[in-house]
$ cat run_9.cif   # mmCIF, C-alpha atoms
data_protein
#
loop_
_atom_site.label_atom_id
_atom_site.label_comp_id
_atom_site.auth_asym_id
_atom_site.auth_seq_id
_atom_site.Cartn_x
_atom_site.Cartn_y
_atom_site.Cartn_z
CA MET P 24 18.00 184.55 93.77
CA VAL P 25 20.94 182.15 94.03
CA SER P 26 24.18 183.60 92.70
CA PRO P 27 25.69 181.93 89.61
CA LEU P 28 27.92 178.96 90.25
CA VAL P 29 31.54 180.08 90.41
CA SER P 30 34.19 177.79 89.00
CA PRO P 31 36.63 176.07 91.38
CA GLY P 32 39.35 178.36 90.07
CA SER P 33 37.53 181.50 91.17
CA GLY P 34 39.66 181.83 94.29
CA CYS P 35 36.82 181.97 96.82
CA ARG P 36 37.99 181.11 100.29
CA PRO P 37 36.12 178.24 102.00
CA VAL P 38 33.34 178.66 104.54
CA LEU P 39 34.09 177.00 107.87
CA LEU P 40 31.20 174.76 108.94
CA VAL P 41 31.21 173.42 112.51
CA LEU P 42 29.06 170.31 112.98
CA HIS P 43 28.39 168.28 116.12
CA GLN P 44 27.55 164.70 115.17
CA GLU P 45 29.25 162.17 112.92
CA GLN P 46 26.30 162.01 110.51
CA SER P 47 25.36 165.70 110.63
CA THR P 48 25.24 167.66 107.37
CA PRO P 49 25.05 171.40 106.62
CA GLY P 50 21.72 170.84 104.87
CA ARG P 51 20.75 173.35 102.23
CA LEU P 52 23.40 175.77 103.49
CA GLY P 53 26.14 173.54 102.11
CA ARG P 54 24.49 173.52 98.68
CA LEU P 55 23.90 177.27 98.68
CA PHE P 56 27.53 178.01 99.56
CA GLN P 57 28.78 175.68 96.83
CA GLU P 58 26.42 177.21 94.28
CA ARG P 59 28.03 180.54 95.11
CA GLY P 60 31.47 179.09 94.51
CA TYR P 61 32.57 178.67 98.14
CA PRO P 62 34.30 175.41 99.13
CA LEU P 63 33.17 173.81 102.40
CA ASP P 64 35.62 173.30 105.26
CA ILE P 65 33.68 170.96 107.56
CA ARG P 66 35.07 170.43 111.05
CA ARG P 67 33.82 168.56 114.08
CA PRO P 68 35.69 169.71 117.22
CA ARG P 69 33.74 167.12 119.21
CA PHE P 70 35.78 164.47 117.39
CA GLY P 71 39.13 166.24 117.57
CA ASP P 72 39.12 168.65 114.63
CA PRO P 73 40.94 171.92 115.39
CA LEU P 74 39.50 175.39 114.84
CA PRO P 75 41.59 178.09 113.12
CA GLU P 76 43.38 180.76 115.11
CA THR P 77 42.26 183.41 112.61
CA MET P 78 39.57 183.81 109.98
CA ARG P 79 42.14 185.01 107.46
CA ASP P 80 41.77 181.90 105.30
CA HIS P 81 37.97 181.59 105.50
CA ALA P 82 35.12 183.55 103.95
CA GLY P 83 32.95 183.03 107.03
CA ALA P 84 32.03 180.53 109.72
CA VAL P 85 28.83 178.75 110.72
CA ILE P 86 28.26 176.80 113.93
CA PHE P 87 25.28 174.49 113.54
CA GLY P 88 22.91 172.90 116.03
CA GLY P 89 23.13 169.66 117.96
CA PRO P 90 21.55 167.70 120.80
CA MET P 91 23.99 169.02 123.40
CA SER P 92 23.61 172.22 125.43
CA ALA P 93 25.75 175.35 125.43
CA ASN P 94 25.77 174.87 129.23
CA ASP P 95 27.40 171.43 129.03
CA GLY P 96 30.83 171.03 130.58
CA ASP P 97 32.36 169.11 127.65
CA ALA P 98 35.70 170.50 126.51
CA PHE P 99 34.59 170.88 122.88
CA VAL P 100 31.56 172.95 123.92
CA ARG P 101 33.76 175.36 125.85
CA GLN P 102 36.27 175.38 122.99
CA GLU P 103 33.65 176.40 120.45
CA ILE P 104 32.17 179.09 122.69
CA ASP P 105 35.61 180.58 123.34
CA TRP P 106 36.55 180.33 119.65
CA ILE P 107 33.63 182.57 118.61
CA GLU P 108 35.74 185.46 119.91
CA VAL P 109 37.93 185.02 116.79
CA PRO P 110 35.35 186.07 114.15
CA LEU P 111 33.91 188.66 116.56
CA ARG P 112 37.32 190.23 117.12
CA GLU P 113 38.14 190.23 113.42
CA GLU P 114 34.61 191.35 112.47
CA ARG P 115 34.30 188.52 109.98
CA PRO P 116 31.07 186.79 108.92
CA PHE P 117 29.80 184.45 111.63
CA LEU P 118 26.47 182.64 111.84
CA GLY P 119 25.19 180.56 114.74
CA LEU P 120 22.20 178.30 114.20
CA CYS P 121 20.19 177.03 117.20
CA LEU P 122 22.97 175.64 119.44
CA GLY P 123 25.42 177.86 117.54
CA ALA P 124 23.29 180.93 118.32
CA GLN P 125 23.17 179.92 121.98
CA MET P 126 26.96 179.56 121.96
CA LEU P 127 27.27 183.06 120.50
CA ALA P 128 25.01 184.44 123.22
CA LYS P 129 26.91 182.59 125.95
CA CYS P 130 30.25 183.82 124.57
CA LEU P 131 28.93 187.34 125.15
CA GLY P 132 27.68 186.68 128.68
CA ALA P 133 24.00 186.05 127.99
CA THR P 134 21.90 183.30 129.59
CA VAL P 135 21.04 179.99 127.92
CA CYS P 136 18.28 178.04 129.67
CA ALA P 137 15.24 175.83 129.25
CA HIS P 138 11.72 177.22 129.09
CA PRO P 139 10.40 177.72 132.66
CA GLU P 140 7.41 175.46 131.91
CA GLY P 141 9.44 172.83 130.08
CA ARG P 142 8.04 173.75 126.68
CA ALA P 143 9.84 173.04 123.41
CA GLU P 144 9.75 174.53 119.93
CA ILE P 145 9.76 171.64 117.47
CA GLY P 146 8.10 172.44 114.17
CA TYR P 147 7.09 175.68 112.45
CA TYR P 148 6.33 178.72 114.62
CA PRO P 149 5.70 182.43 113.94
CA LEU P 150 8.64 184.81 113.64
CA LEU P 151 8.06 188.45 114.64
CA PRO P 152 10.61 191.02 113.40
CA THR P 153 11.51 193.89 115.72
CA GLU P 154 12.08 197.46 114.54
CA ALA P 155 15.75 196.56 114.04
CA GLY P 156 14.64 193.43 112.22
CA HIS P 157 12.49 195.40 109.79
CA ALA P 158 15.46 197.67 109.12
CA PHE P 159 17.60 194.60 108.44
CA ALA P 160 14.99 193.26 106.01
CA GLY P 161 15.34 196.52 104.10
CA GLU P 162 19.11 196.14 104.23
CA ILE P 163 19.04 192.73 102.53
CA GLY P 164 16.04 193.49 100.32
CA GLN P 165 13.92 190.58 101.53
CA PRO P 166 11.22 190.33 104.23
CA TRP P 167 11.49 187.80 107.03
CA PRO P 168 9.49 184.58 106.62
CA SER P 169 6.34 184.51 108.72
CA HIS P 170 7.13 181.03 110.13
CA VAL P 171 10.43 179.19 110.60
CA TYR P 172 11.48 175.69 111.61
CA HIS P 173 12.66 174.91 115.14
CA TRP P 174 14.04 171.96 117.05
CA HIS P 175 15.09 173.00 120.54
CA ARG P 176 14.25 172.99 124.24
CA GLU P 177 16.55 175.81 125.34
CA GLY P 178 16.63 179.47 124.43
CA PHE P 179 18.84 182.46 125.12
CA THR P 180 18.64 186.07 126.18
CA CYS P 181 19.94 188.84 123.96
CA PRO P 182 23.47 189.73 125.10
CA ALA P 183 24.48 193.27 125.94
CA GLY P 184 25.57 195.16 122.85
CA ALA P 185 23.57 192.97 120.45
CA ASP P 186 20.39 193.82 118.59
CA THR P 187 17.33 191.57 118.69
CA LEU P 188 16.11 191.23 115.10
CA ALA P 189 13.17 188.88 115.65
CA THR P 190 11.16 187.50 118.54
CA GLY P 191 8.82 184.58 119.20
CA ASP P 192 6.30 183.39 121.74
CA ASP P 193 7.65 180.68 124.06
CA PHE P 194 11.26 181.65 123.29
CA PRO P 195 11.38 185.43 122.86
CA THR P 196 14.87 185.79 121.37
CA GLN P 197 14.83 184.36 117.85
CA ALA P 198 17.45 186.33 115.91
CA ILE P 199 20.27 188.62 117.00
CA ARG P 200 22.97 190.66 115.33
CA VAL P 201 26.30 191.34 116.99
CA GLY P 202 28.39 194.04 115.39
CA PRO P 203 28.51 194.27 111.61
CA ALA P 204 28.93 190.61 110.67
CA ALA P 205 27.79 188.16 113.37
CA PHE P 206 24.29 186.70 113.58
CA GLY P 207 22.55 184.15 115.77
CA LEU P 208 19.35 182.42 114.68
CA GLN P 209 17.40 180.23 117.10
CA PHE P 210 15.73 178.53 114.14
CA HIS P 211 16.90 176.22 111.33
CA PRO P 212 16.75 177.80 107.85
CA GLU P 213 19.18 175.12 106.64
CA VAL P 214 16.76 172.25 107.19
CA THR P 215 15.72 170.13 104.20
CA HIS P 216 12.73 167.84 103.76
CA ALA P 217 15.04 164.83 104.26
CA MET P 218 16.37 166.32 107.52
CA ILE P 219 12.86 166.86 108.89
CA CYS P 220 11.95 163.26 108.02
CA ARG P 221 15.12 161.96 109.67
CA TRP P 222 14.81 164.04 112.83
CA THR P 223 11.13 163.22 113.36
CA VAL P 224 11.88 159.49 113.06
CA ARG P 225 15.17 159.20 114.95
CA ALA P 226 14.08 161.52 117.74
CA ALA P 227 10.34 160.78 117.66
CA GLU P 228 10.17 160.87 121.48
CA ARG P 229 10.84 164.63 121.35
CA LEU P 230 7.51 165.12 119.56
CA ARG P 231 5.74 164.35 122.85
CA LEU P 232 7.28 167.37 124.59
CA PRO P 233 4.91 170.22 125.54
CA GLY P 234 4.63 172.62 122.62
CA ALA P 235 6.08 170.25 120.00
CA GLN P 236 4.22 169.66 116.75
CA ASP P 237 3.56 166.18 115.40
CA ARG P 238 5.23 164.95 112.21
CA ALA P 239 2.24 165.57 109.96
CA ARG P 240 1.94 169.17 111.09
CA GLN P 241 5.65 169.73 110.50
CA ILE P 242 5.45 168.40 106.94
CA GLU P 243 2.41 170.58 106.32
CA GLY P 244 4.27 173.57 107.76
CA ARG P 245 7.15 172.99 105.38
CA LEU P 246 4.84 172.97 102.37
CA MET P 247 3.28 176.22 103.53
CA HIS P 248 6.34 178.19 104.64
CA ASP P 249 9.58 176.83 103.17
CA GLY P 250 9.43 178.88 99.96
CA ARG P 251 9.60 182.12 101.92
CA VAL P 252 12.37 180.73 104.13
CA VAL P 253 14.44 179.92 101.02
CA ALA P 254 13.90 183.40 99.55
CA TRP P 255 14.99 185.00 102.82
CA LEU P 256 18.00 182.72 103.23
CA ASP P 257 19.25 183.47 99.70
CA ALA P 258 19.14 187.20 100.37
CA PHE P 259 20.64 186.80 103.84
CA LEU P 260 23.61 184.75 102.58
CA ASP P 261 24.43 187.22 99.82
CA HIS P 262 24.48 190.02 102.39
CA TRP P 263 26.40 187.94 104.96
CA LEU P 264 29.09 186.78 102.56
CA ALA P 265 29.67 190.35 101.41
CA GLY P 266 30.08 191.54 105.00
CA PRO P 267 32.81 193.83 106.34
CA GLY P 268 36.33 192.53 106.00
CA HIS P 269 35.30 189.74 103.68
CA PRO P 270 37.92 188.82 101.06
CA THR P 271 36.45 186.84 98.16
CA ALA P 272 39.78 185.87 96.70
CA SER P 273 43.27 185.06 97.85
#
$ encode --input "run_9.cif" --output "structure tokens"
Amino acid sequence: MVSPLVSPGSGCRPVLLVLHQEQSTPGRLGRLFQERGYPLDIRRPRFGDPLPETMRDHAGAVIFGGPMSANDGDAFVRQEIDWIEVPLREERPFLGLCLGAQMLAKCLGATVCAHPEGRAEIGYYPLLPTEAGHAFAGEIGQPWPSHVYHWHREGFTCPAGADTLATGDDFPTQAIRVGPAAFGLQFHPEVTHAMICRWTVRAAERLRLPGAQDRARQIEGRLMHDGRVVAWLDAFLDHWLAGPGHPTAS
């Protein structure tokens, strides 16, 4: 259940949201944070925005997805990967989604690479919790959704010291936990119906990749599975925002 809306005077620190394209949005995550009373601090390092030296003034940080690779040599990609050490060191809430999860893995020395047969995950695919993942579901009081939405051609290995919470078929590592407060999700729980429509039109050529689902199947998958994704995401965010070292007020 979504927490009650907190008034702007509640003192909640903002959530840092790192986006990668000029027109990118935080999707339903932005709305869910605001409904919980957290202002949004949106930054795009790709276009020159700085990242904070400490998480002292933020409730948490999310690095979203994008069309680039965590293996790219662009300065902003390296900057973001290196910056992840800040929330890890301070044990503050961090969430990486798709590219952001791959950046988290790469920061910790894991491998990010394409599928050996060139396959992609674009659409809704099964999510299989591990033993650690089942324990985490008990921790947050909500089971994992059976299927989640993907849009990627690269995956990552689980870094040393992290726990794999969920696995998949073509891309085995789907969710990891690093320490008490950092998580990486290969999938996109933030995606809205409008985002799926936009992605499947603007990047329609990706739907021809091996393993990708066509637009109709993706829309059908959303109707079938999104309710359980929303229920899981609500529970996850409440747990994540209340993580170790999290100050709710200044």
$ resolve_selection --input "run_9.cif" --expression "the PyMOL selection byres ((chain P and resi 198) around 10)" --output "ChimeraX atom specification"
/P:119-121,124,150-153,156,181,186-191,195-197,199-200,206-210
$ atom_distance --input "run_9.cif" --atom1 "atom CA of Pro68 of chain P" --atom2 "atom CA of Phe99 of chain P"
5.9 Å
$ residues_around --input "run_9.cif" --residues "segment 133-143 of chain P" --least-positions-apart "4" --cutoff "9 Å" --atoms "only C-alpha atoms" --output "PDB file with C-alpha atoms, in the coordinates of the input"
ATOM      1  CA  SER P  92      23.610 172.220 125.430  1.00  0.00           C
ATOM      2  CA  ALA P  93      25.750 175.350 125.430  1.00  0.00           C
ATOM      3  CA  ASN P  94      25.770 174.870 129.230  1.00  0.00           C
ATOM      4  CA  GLN P 125      23.170 179.920 121.980  1.00  0.00           C
ATOM      5  CA  MET P 126      26.960 179.560 121.960  1.00  0.00           C
ATOM      6  CA  LEU P 127      27.270 183.060 120.500  1.00  0.00           C
ATOM      7  CA  ALA P 128      25.010 184.440 123.220  1.00  0.00           C
ATOM      8  CA  LYS P 129      26.910 182.590 125.950  1.00  0.00           C
ATOM      9  CA  HIS P 173      12.660 174.910 115.140  1.00  0.00           C
ATOM     10  CA  TRP P 174      14.040 171.960 117.050  1.00  0.00           C
ATOM     11  CA  HIS P 175      15.090 173.000 120.540  1.00  0.00           C
ATOM     12  CA  ARG P 176      14.250 172.990 124.240  1.00  0.00           C
ATOM     13  CA  GLU P 177      16.550 175.810 125.340  1.00  0.00           C
ATOM     14  CA  GLY P 178      16.630 179.470 124.430  1.00  0.00           C
ATOM     15  CA  PHE P 179      18.840 182.460 125.120  1.00  0.00           C
ATOM     16  CA  THR P 180      18.640 186.070 126.180  1.00  0.00           C
ATOM     17  CA  CYS P 181      19.940 188.840 123.960  1.00  0.00           C
ATOM     18  CA  PRO P 182      23.470 189.730 125.100  1.00  0.00           C
ATOM     19  CA  ALA P 183      24.480 193.270 125.940  1.00  0.00           C
ATOM     20  CA  ASP P 193       7.650 180.680 124.060  1.00  0.00           C
ATOM     21  CA  PHE P 194      11.260 181.650 123.290  1.00  0.00           C
ATOM     22  CA  ARG P 229      10.840 164.630 121.350  1.00  0.00           C
ATOM     23  CA  LEU P 232       7.280 167.370 124.590  1.00  0.00           C
ATOM     24  CA  PRO P 233       4.910 170.220 125.540  1.00  0.00           C
ATOM     25  CA  GLY P 234       4.630 172.620 122.620  1.00  0.00           C
ATOM     26  CA  ALA P 235       6.080 170.250 120.000  1.00  0.00           C
TER      27      ALA P 235
END
$ residues_around --input "run_9.cif" --residues "Tyr61 of chain P" --least-positions-apart "3" --cutoff "7 Å" --atoms "all atoms listed in the file" --output "PyMOL selection string"
chain P and resi 35-38+56-57
$ atom_distance --input "run_9.cif" --atom1 "atom CA of Met247 of chain P" --atom2 "atom CA of Val214 of chain P"
14.5 Å
$ closest_residue --input "run_9.cif" --among "P:Ala217, P:Arg238, P:Ala204, P:Arg251" --to "Arg112 of chain P" --atoms "only C-alpha atoms"
P:Ala204
$ residues_around --input "run_9.cif" --residues "Leu260 of chain P" --least-positions-apart "4" --cutoff "12 Å" --atoms "all atoms listed in the file" --output "NGL selection string"
:P and (24-26 or 38 or 51-59 or 61 or 82-85 or 116-118 or 163-165 or 204 or 206 or 212-213 or 253-256 or 264-266)
$ residues_near_point --input "run_9.cif" --point "(32.2, 174.8, 123.3)" --cutoff "12 Å" --atoms "all atoms listed in the file" --output "NGL selection string"
:P and (41-43 or 67-69 or 74 or 86-89 or 91-108 or 122-127 or 129-130)
$ closest_residue --input "run_9.cif" --among "P:Leu246, P:Leu131, P:Ile65, P:Ala205" --to "Tyr147 of chain P" --atoms "only C-alpha atoms"
P:Leu246
$ closest_residue --input "run_9.cif" --among "P:Ala185, P:Val252, P:Met78, P:Ala239" --to "Val171 of chain P" --atoms "all atoms listed in the file"
P:Val252
$ closest_residue --input "run_9.cif" --among "P:Gly146, P:Pro203, P:Leu39, P:Glu154" --to "Asp237 of chain P" --atoms "only C-alpha atoms"
P:Gly146
$ atom_distance --input "run_9.cif" --atom1 "atom CA of Ser169 of chain P" --atom2 "atom CA of Arg225 of chain P"
27.5 Å
